[in-house]
file data_39.txt (compact mmCIF, C-alpha atoms)
# COMPACT_ATOMS: atom_id res chain seq x y z
CA MET L 1 60.18 -4.73 55.46
CA LYS L 2 57.23 -7.06 55.32
CA ASN L 3 54.83 -4.10 55.54
CA SER L 4 56.65 -2.35 52.70
CA PHE L 5 56.39 -5.49 50.58
CA LYS L 6 52.67 -5.84 51.32
CA LEU L 7 52.07 -2.20 50.44
CA ALA L 8 53.96 -2.66 47.18
CA VAL L 9 51.87 -5.72 46.29
CA ILE L 10 48.63 -3.92 47.12
CA PHE L 11 49.72 -0.95 45.01
CA VAL L 12 50.52 -3.15 42.00
CA LEU L 13 47.22 -5.04 42.30
CA THR L 14 45.29 -1.78 42.60
CA MET L 15 46.94 -0.41 39.48
CA MET L 16 46.23 -3.63 37.59
CA LEU L 17 42.56 -3.57 38.57
CA ALA L 18 42.26 0.10 37.65
CA SER L 19 43.90 -0.63 34.31
CA CYS L 20 41.51 -3.52 33.62
CA LYS L 21 38.53 -1.41 34.62
CA LYS L 22 39.67 1.43 32.39
CA GLU L 23 40.20 -0.95 29.46
CA LYS L 24 36.79 -2.49 30.01
CA ASN L 25 35.07 0.89 29.93
CA THR L 26 37.05 2.35 27.06
CA PRO L 27 34.73 3.01 24.11
CA SER L 28 35.50 1.02 20.99
CA TYR L 29 34.08 0.27 17.56
CA HIS L 30 34.11 -3.48 18.26
CA LYS L 31 32.32 -3.62 21.62
CA GLY L 32 29.57 -1.75 23.43
CA ASP L 33 25.96 -0.71 22.98
CA LEU L 34 24.37 1.57 20.39
CA THR L 35 20.81 2.65 19.64
CA ILE L 36 19.98 3.79 16.11
CA PHE L 37 16.86 5.84 15.48
CA THR L 38 15.23 5.25 12.12
CA ASP L 39 11.94 6.08 10.49
CA GLU L 40 9.79 2.97 10.13
CA SER L 41 10.18 3.22 6.34
CA PHE L 42 13.88 2.33 6.62
CA GLN L 43 13.61 -0.08 9.54
CA SER L 44 14.27 -3.25 7.56
CA VAL L 45 17.54 -2.19 5.91
CA THR L 46 18.76 -0.60 9.16
CA GLU L 47 18.09 -3.79 11.12
CA ALA L 48 19.80 -5.88 8.45
CA LEU L 49 22.93 -3.72 8.66
CA ALA L 50 22.84 -3.82 12.47
CA ASP L 51 22.61 -7.63 12.40
CA GLY L 52 25.54 -7.79 9.99
CA TYR L 53 27.65 -5.58 12.25
CA MET L 54 26.88 -7.63 15.36
CA ILE L 55 27.80 -10.85 13.54
CA ASN L 56 31.18 -9.34 12.67
CA TYR L 57 31.66 -7.85 16.15
CA PRO L 58 29.96 -10.18 18.67
CA GLU L 59 30.74 -7.89 21.61
CA THR L 60 28.54 -5.13 20.19
CA HIS L 61 24.83 -4.79 20.79
CA ILE L 62 22.88 -2.54 18.43
CA LYS L 63 19.25 -1.70 19.04
CA VAL L 64 17.19 -0.24 16.20
CA GLU L 65 14.38 1.98 17.45
CA THR L 66 11.72 3.41 15.15
CA LYS L 67 10.96 7.10 15.42
CA LYS L 68 9.58 9.63 12.95
CA GLU L 69 12.38 11.17 10.92
CA ASP L 70 12.09 14.72 12.28
CA LEU L 71 11.83 13.51 15.89
CA GLY L 72 14.94 11.35 15.48
CA LEU L 73 16.84 14.36 14.18
CA LEU L 74 15.77 16.39 17.21
CA ASP L 75 17.08 13.66 19.52
CA LEU L 76 20.41 13.72 17.69
CA LEU L 77 20.67 17.49 18.06
CA LYS L 78 19.83 17.25 21.77
CA GLY L 79 22.58 14.67 22.27
CA SER L 80 20.23 11.85 23.26
CA ALA L 81 20.97 9.88 20.07
CA LYS L 82 24.27 8.84 18.49
CA VAL L 83 23.01 7.77 15.06
CA VAL L 84 19.90 8.55 13.02
CA VAL L 85 18.85 7.53 9.51
CA MET L 86 17.70 10.37 7.27
CA SER L 87 16.34 10.76 3.75
CA ARG L 88 15.36 14.39 3.35
CA ASN L 89 17.89 17.15 2.79
CA LEU L 90 18.56 19.42 5.74
CA ASN L 91 18.12 23.13 5.14
CA PRO L 92 21.02 25.56 5.81
CA GLU L 93 19.67 26.48 9.24
CA GLU L 94 19.43 22.82 10.26
CA ILE L 95 22.96 22.13 9.02
CA LYS L 96 24.25 25.11 11.02
CA THR L 97 22.45 23.87 14.14
CA TYR L 98 23.82 20.35 13.62
CA GLU L 99 27.41 21.60 13.37
CA GLU L 100 27.02 23.86 16.41
CA ARG L 101 25.39 21.22 18.60
CA THR L 102 27.63 18.30 17.67
CA ASP L 103 30.86 20.19 16.99
CA LEU L 104 31.15 18.08 13.80
CA LYS L 105 31.16 18.89 10.11
CA PHE L 106 27.96 17.98 8.29
CA LEU L 107 29.08 14.86 6.43
CA PRO L 108 26.09 12.63 5.65
CA ALA L 109 27.13 8.98 5.25
CA LYS L 110 25.11 7.90 2.20
CA PHE L 111 24.51 4.17 2.00
CA ALA L 112 21.44 3.33 -0.13
CA ALA L 113 18.92 4.53 -2.68
CA ASP L 114 15.34 3.89 -1.59
CA ALA L 115 12.10 5.35 -2.96
CA VAL L 116 8.71 6.65 -1.98
CA VAL L 117 6.15 4.70 -3.99
CA PHE L 118 2.45 5.14 -4.72
CA VAL L 119 0.34 2.01 -4.38
CA VAL L 120 -3.24 1.01 -5.14
CA PRO L 121 -5.14 -2.28 -4.56
CA LYS L 122 -4.21 -5.04 -6.98
CA ASP L 123 -7.61 -4.90 -8.72
CA SER L 124 -7.55 -1.12 -9.21
CA PRO L 125 -7.94 0.00 -12.84
CA LYS L 126 -5.35 2.73 -12.26
CA GLU L 127 -2.07 1.96 -14.04
CA SER L 128 0.10 5.05 -13.45
CA ILE L 129 0.14 8.43 -11.76
CA SER L 130 1.55 11.75 -12.92
CA ILE L 131 3.41 14.42 -10.96
CA GLU L 132 0.53 16.76 -11.77
CA GLU L 133 -2.00 14.33 -10.26
CA ILE L 134 0.08 14.02 -7.10
CA ASN L 135 0.48 17.78 -6.88
CA SER L 136 -3.21 18.57 -7.29
CA GLY L 137 -4.33 15.61 -5.17
CA LEU L 138 -2.33 16.85 -2.20
CA MET L 139 -4.12 20.18 -2.40
CA SER L 140 -7.59 18.58 -2.63
CA ASP L 141 -10.09 18.29 0.22
CA LYS L 142 -10.73 14.71 -0.91
CA LYS L 143 -7.50 13.68 0.84
CA GLU L 144 -7.05 10.79 -1.56
CA PHE L 145 -3.42 10.11 -0.58
CA ILE L 146 -2.72 8.08 2.56
CA PHE L 147 0.54 8.68 4.46
CA ASP L 148 1.84 6.93 7.56
CA GLY L 149 1.71 10.09 9.68
CA THR L 150 3.05 13.59 10.17
CA ASN L 151 6.80 14.12 10.68
CA SER L 152 7.38 10.93 8.66
CA SER L 153 10.09 10.49 6.05
CA ASN L 154 7.56 9.74 3.29
CA LEU L 155 5.62 12.94 3.87
CA ASN L 156 8.80 15.01 4.23
CA PHE L 157 10.29 13.68 1.03
CA VAL L 158 7.19 14.13 -1.12
CA ALA L 159 6.81 17.68 0.20
CA GLU L 160 10.47 18.38 -0.58
CA LYS L 161 10.12 16.99 -4.11
CA LEU L 162 7.01 19.09 -4.80
CA LYS L 163 8.53 22.18 -3.13
CA LYS L 164 5.74 22.33 -0.57
CA GLN L 165 5.49 22.48 3.20
CA PRO L 166 4.00 19.32 4.79
CA LYS L 167 1.61 21.48 6.81
CA ASP L 168 0.11 22.84 3.58
CA MET L 169 -0.69 19.42 2.12
CA LYS L 170 -4.00 17.59 2.54
CA PHE L 171 -3.91 13.83 3.10
CA SER L 172 -5.29 10.92 5.10
CA ILE L 173 -3.32 8.94 7.70
CA ILE L 174 -3.04 5.25 8.52
CA PRO L 175 -0.18 4.73 11.02
CA GLY L 176 2.50 2.45 9.58
CA ASN L 177 3.59 1.58 6.04
CA GLN L 178 2.52 -2.04 6.36
CA LYS L 179 -0.87 -1.04 7.77
CA ILE L 180 -1.46 1.17 4.73
CA ILE L 181 -0.94 -1.82 2.44
CA GLU L 182 -3.10 -4.13 4.55
CA GLU L 183 -6.01 -1.69 4.82
CA LEU L 184 -5.86 -0.03 1.40
CA GLY L 185 -8.46 -2.43 -0.01
CA LYS L 186 -11.06 -0.78 2.24
CA TYR L 187 -10.51 2.52 0.43
CA PRO L 188 -10.59 1.82 -3.33
CA ASP L 189 -10.53 5.54 -4.18
CA LYS L 190 -7.35 6.19 -2.16
CA ILE L 191 -3.65 5.92 -3.02
CA GLY L 192 -1.15 4.72 -0.45
CA VAL L 193 2.21 6.46 -0.10
CA ILE L 194 4.86 4.17 1.41
CA GLY L 195 8.58 3.52 1.52
CA LEU L 196 9.85 0.91 -0.93
CA ASN L 197 11.91 -0.82 1.79
CA THR L 198 8.60 -1.78 3.44
CA PHE L 199 8.36 -4.71 1.03
CA SER L 200 11.52 -4.60 -1.10
CA ARG L 201 13.14 -7.78 0.28
CA PRO L 202 12.98 -10.21 -2.67
CA TYR L 203 12.65 -13.52 -0.78
CA ASP L 204 11.02 -12.43 2.46
CA LYS L 205 7.61 -14.07 2.98
CA THR L 206 6.01 -11.03 4.60
CA SER L 207 7.26 -8.81 1.77
CA GLU L 208 5.94 -11.25 -0.82
CA LYS L 209 2.53 -11.26 0.85
CA LEU L 210 2.43 -7.44 0.95
CA ARG L 211 3.50 -7.17 -2.70
CA GLU L 212 0.63 -9.45 -3.69
CA MET L 213 -1.89 -7.07 -2.12
CA VAL L 214 -1.03 -3.92 -4.09
CA LYS L 215 0.54 -2.68 -7.29
CA ILE L 216 3.11 0.08 -7.47
CA LEU L 217 2.14 2.86 -9.84
CA PRO L 218 4.79 4.07 -12.29
CA VAL L 219 5.18 7.86 -12.11
CA VAL L 220 4.76 10.02 -15.20
CA GLU L 221 6.96 13.11 -15.35
CA LYS L 222 7.15 15.33 -18.43
CA GLY L 223 5.44 12.68 -20.52
CA LYS L 224 7.82 9.85 -19.55
CA LEU L 225 7.01 6.82 -17.42
CA TYR L 226 9.39 5.87 -14.60
CA ASN L 227 9.40 2.78 -12.38
CA ALA L 228 10.81 2.35 -8.88
CA ASP L 229 12.97 -0.59 -9.99
CA PHE L 230 16.75 -1.06 -9.80
CA GLU L 231 17.28 0.89 -13.00
CA GLY L 232 15.04 3.72 -11.85
CA LEU L 233 16.89 3.92 -8.52
CA ARG L 234 20.39 3.47 -9.95
CA THR L 235 20.02 6.35 -12.37
CA MET L 236 17.72 8.28 -10.01
CA LYS L 237 15.33 8.83 -12.93
CA TYR L 238 12.41 7.61 -10.87
CA PRO L 239 11.22 11.00 -9.56
CA PHE L 240 10.81 9.93 -5.94
CA THR L 241 14.16 8.18 -5.51
CA ARG L 242 15.74 9.17 -2.23
CA VAL L 243 19.20 8.62 -0.82
CA LEU L 244 19.36 7.23 2.71
CA TYR L 245 22.16 8.49 4.92
CA PHE L 246 23.39 8.33 8.50
CA LEU L 247 24.03 11.33 10.71
CA ILE L 248 26.02 10.89 13.89
CA ASN L 249 26.78 12.67 17.12
CA GLU L 250 30.07 10.98 17.98
CA GLY L 251 33.46 12.61 17.68
CA ASN L 252 35.72 9.57 18.17
CA PHE L 253 35.98 6.35 16.22
CA ASN L 254 33.74 4.31 18.46
CA ILE L 255 30.78 2.03 17.74
CA ALA L 256 28.68 4.63 15.88
CA ASN L 257 31.47 5.48 13.45
CA GLY L 258 32.40 1.81 13.19
CA PHE L 259 28.84 0.90 12.22
CA ILE L 260 28.71 3.61 9.58
CA ARG L 261 32.04 2.55 8.09
CA PHE L 262 30.79 -1.07 7.94
CA SER L 263 27.52 -0.01 6.26
CA CYS L 264 29.41 1.78 3.51
CA THR L 265 31.94 -1.00 2.84
CA HIS L 266 31.48 -3.79 0.29
CA LEU L 267 29.94 -6.14 2.87
CA GLY L 268 27.47 -3.54 4.14
CA GLN L 269 26.52 -2.59 0.61
CA LYS L 270 25.84 -6.24 -0.27
CA ILE L 271 23.40 -6.30 2.65
CA VAL L 272 21.70 -3.21 1.21
CA GLN L 273 21.45 -5.00 -2.14
CA LYS L 274 19.90 -8.10 -0.51
CA GLU L 275 17.29 -5.77 0.98
CA GLY L 276 16.16 -4.99 -2.57
CA LEU L 277 17.55 -1.46 -2.51
CA GLN L 278 20.24 0.17 -4.65
CA PRO L 279 23.62 0.26 -2.89
CA TYR L 280 25.19 3.70 -2.92
CA ASN L 281 28.88 2.80 -2.89
CA ILE L 282 29.24 -0.69 -4.33
CA TYR L 283 29.21 0.23 -8.03
CA LYS L 284 31.00 3.56 -8.15
CA ARG L 285 31.27 3.61 -11.93
CA GLU L 286 27.59 2.89 -12.47
CA VAL L 287 25.66 4.66 -9.74
CA GLN L 288 24.67 8.11 -10.90
CA MET L 289 23.51 9.70 -7.67
CA ARG L 290 22.77 13.41 -8.00

call {"tool": "encode", "arguments": {"input": "data_39.txt", "output": "C-alpha cells"}}
result
Amino acid sequence: MKNSFKLAVIFVLTMMLASCKKEKNTPSYHKGDLTIFTDESFQSVTEALADGYMINYPETHIKVETKKEDLGLLDLLKGSAKVVVMSRNLNPEEIKTYEERTDLKFLPAKFAADAVVFVVPKDSPKESISIEEINSGLMSDKKEFIFDGTNSSNLNFVAEKLKKQPKDMKFSIIPGNQKIIEELGKYPDKIGVIGLNTFSRPYDKTSEKLREMVKILPVVEKGKLYNADFEGLRTMKYPFTRVLYFLINEGNFNIANGFIRFSCTHLGQKIVQKEGLQPYNIYKREVQMR
C-alpha cells in the first residue's frame, strides 16, 4: 500500500514537473528571444521599436543585428532569421520563393515611410539635384555618388527607382551611412547617398551633430522641387520615399508576430513618429501611400 502511494506521488510530481517544463518552453509573444536583421539605414527605428516592445513585455529579449538588406532576406529564406526589415519591392520570383520556403503568404507588414536622401557638405554651393543628374551621374566613370556598400538598401532602392540593376551603376563606397556624412567634407565634388533615419531623430545629439555637417538636397522631378520632409513622405511626392516593412518566417503567433503587431499599433507608430519618420498606420485618412 505504501509503495503504491509512493508511486502515485512520484507520478503526480513527474507530471507537474513535465507540465511546468512544457509551459516554460512554450513559445509566446510575451516572452522569449528574437533577433531582427535590419539594414544599417533602418537600425535606429528598428532598435526604438524593439526597446518599446521589451518595455511592454519584460520577459522578451530582442536583439537587432545589422546586415545588408539582400543578405538579411537570404537568411530569412534559409530559415536562419525570423524577422527582417525591407524597403525594396520583391520581384515575382522572390515572392514565389518566399512563399515556398516559409509556407506563408507574402504579406509585408508596412510600418513607416523613410527616404533615401542626397547630401553634400554644408558649404557646398549645390542647392538641389534632378532625377536626370542622378541618372547620368550613376552611369559616369567619375563615380560622384557615394553609397554605403553593395547589397545595401540605399543602393537597391535607388536602382529600383531608376529602373536599373545595381551592378550596372557606377559609384564610390564608404562603409556606413554615418561614415559617409563624417567623411564627405574630404570629397567636395561627391554626393552622399544615405538613409534619412540615419539622422532623422529630432532631439538626438548625434543626429543633430550629423545634420549640422551636411545639407539634404531637394530632388527635382519634372520641373518640380520635392523635399524629404514630413509632407514629402506623407504624400510620397518626394521621389525617393520608401516604405519600410517587416517580413517574417514564423507561422504561429509568437514573439516575431507579436513584435510586428506592436510596431503597427498606435504605440508602435508613435515610436516611428518620434524617430522623425512618417508612421504608416497612425493617420489612415491622411497617409497616401502608393

call {"tool": "closest_residue", "arguments": {"input": "data_39.txt", "among": "L:Phe259, L:Phe157, L:Phe118, L:Phe37", "to": "Ile134 (chain L)", "atoms": "all atoms listed in the file"}}
result
L:Phe118

call {"tool": "atom_distance", "arguments": {"input": "data_39.txt", "atom1": "CA of Asp39 (chain L)", "atom2": "CA of Lys143 (chain L)"}}
result
23.0 Å

call {"tool": "closest_residue", "arguments": {"input": "data_39.txt", "among": "L:Asp51, L:Glu221, L:Glu208, L:Glu59", "to": "Tyr29 (chain L)", "atoms": "all atoms listed in the file"}}
result
L:Glu59

call {"tool": "residues_around", "arguments": {"input": "data_39.txt", "residues": "region 237-243 of chain L", "least_positions_apart": "5", "cutoff": "7 Å", "atoms": "only C-alpha atoms", "output": "list in words"}}
result
Ser87, Lys110, Ala112, Ala113, Asp114, Ala115, Val116, Tyr226, Asn227, Ala228 and Gly232 of chain L

call {"tool": "atom_distance", "arguments": {"input": "data_39.txt", "atom1": "CA of Glu183 (chain L)", "atom2": "CA of Thr46 (chain L)"}}
result
25.2 Å

call {"tool": "atom_distance", "arguments": {"input": "data_39.txt", "atom1": "CA of Asp229 (chain L)", "atom2": "CA of Tyr245 (chain L)"}}
result
19.7 Å

call {"tool": "residues_around", "arguments": {"input": "data_39.txt", "residues": "Phe145 (chain L)", "least_positions_apart": "2", "cutoff": "9 Å", "atoms": "all atoms listed in the file", "output": "MDAnalysis selection string"}}
result
chainID L and resid 118 134 137:138 142:143 147 170:173 190:193

call {"tool": "axis_aligned_box", "arguments": {"input": "data_39.txt", "around": "region 217-224 of chain L", "padding_each_side": "8 Å", "output": "lines of an AutoDock Vina configuration file"}}
result
center_x = 5.0
center_y = 9.1
center_z = -15.2
size_x = 21.7
size_y = 28.5
size_z = 26.7

call {"tool": "residues_near_point", "arguments": {"input": "data_39.txt", "point": "(3.5, -7.0, -0.2)", "cutoff": "9 Å", "atoms": "only C-alpha atoms", "output": "tab-separated table (two decimals) with C-alpha atoms, in the coordinates of the input"}}
result
chain	number	residue	atom	x	y	z
L	178	GLN	CA	2.52	-2.04	6.36
L	181	ILE	CA	-0.94	-1.82	2.44
L	182	GLU	CA	-3.10	-4.13	4.55
L	198	THR	CA	8.60	-1.78	3.44
L	199	PHE	CA	8.36	-4.71	1.03
L	200	SER	CA	11.52	-4.60	-1.10
L	205	LYS	CA	7.61	-14.07	2.98
L	206	THR	CA	6.01	-11.03	4.60
L	207	SER	CA	7.26	-8.81	1.77
L	208	GLU	CA	5.94	-11.25	-0.82
L	209	LYS	CA	2.53	-11.26	0.85
L	210	LEU	CA	2.43	-7.44	0.95
L	211	ARG	CA	3.50	-7.17	-2.70
L	212	GLU	CA	0.63	-9.45	-3.69
L	213	MET	CA	-1.89	-7.07	-2.12
L	214	VAL	CA	-1.03	-3.92	-4.09
L	215	LYS	CA	0.54	-2.68	-7.29

call {"tool": "residues_near_point", "arguments": {"input": "data_39.txt", "point": "(24.1, 2.2, -2.2)", "cutoff": "7 Å", "atoms": "all atoms listed in the file", "output": "list in words"}}
result
Phe111, Ala112, Ala113, Gln269, Val272, Gln278, Pro279, Tyr280, Asn281 and Ile282 of chain L
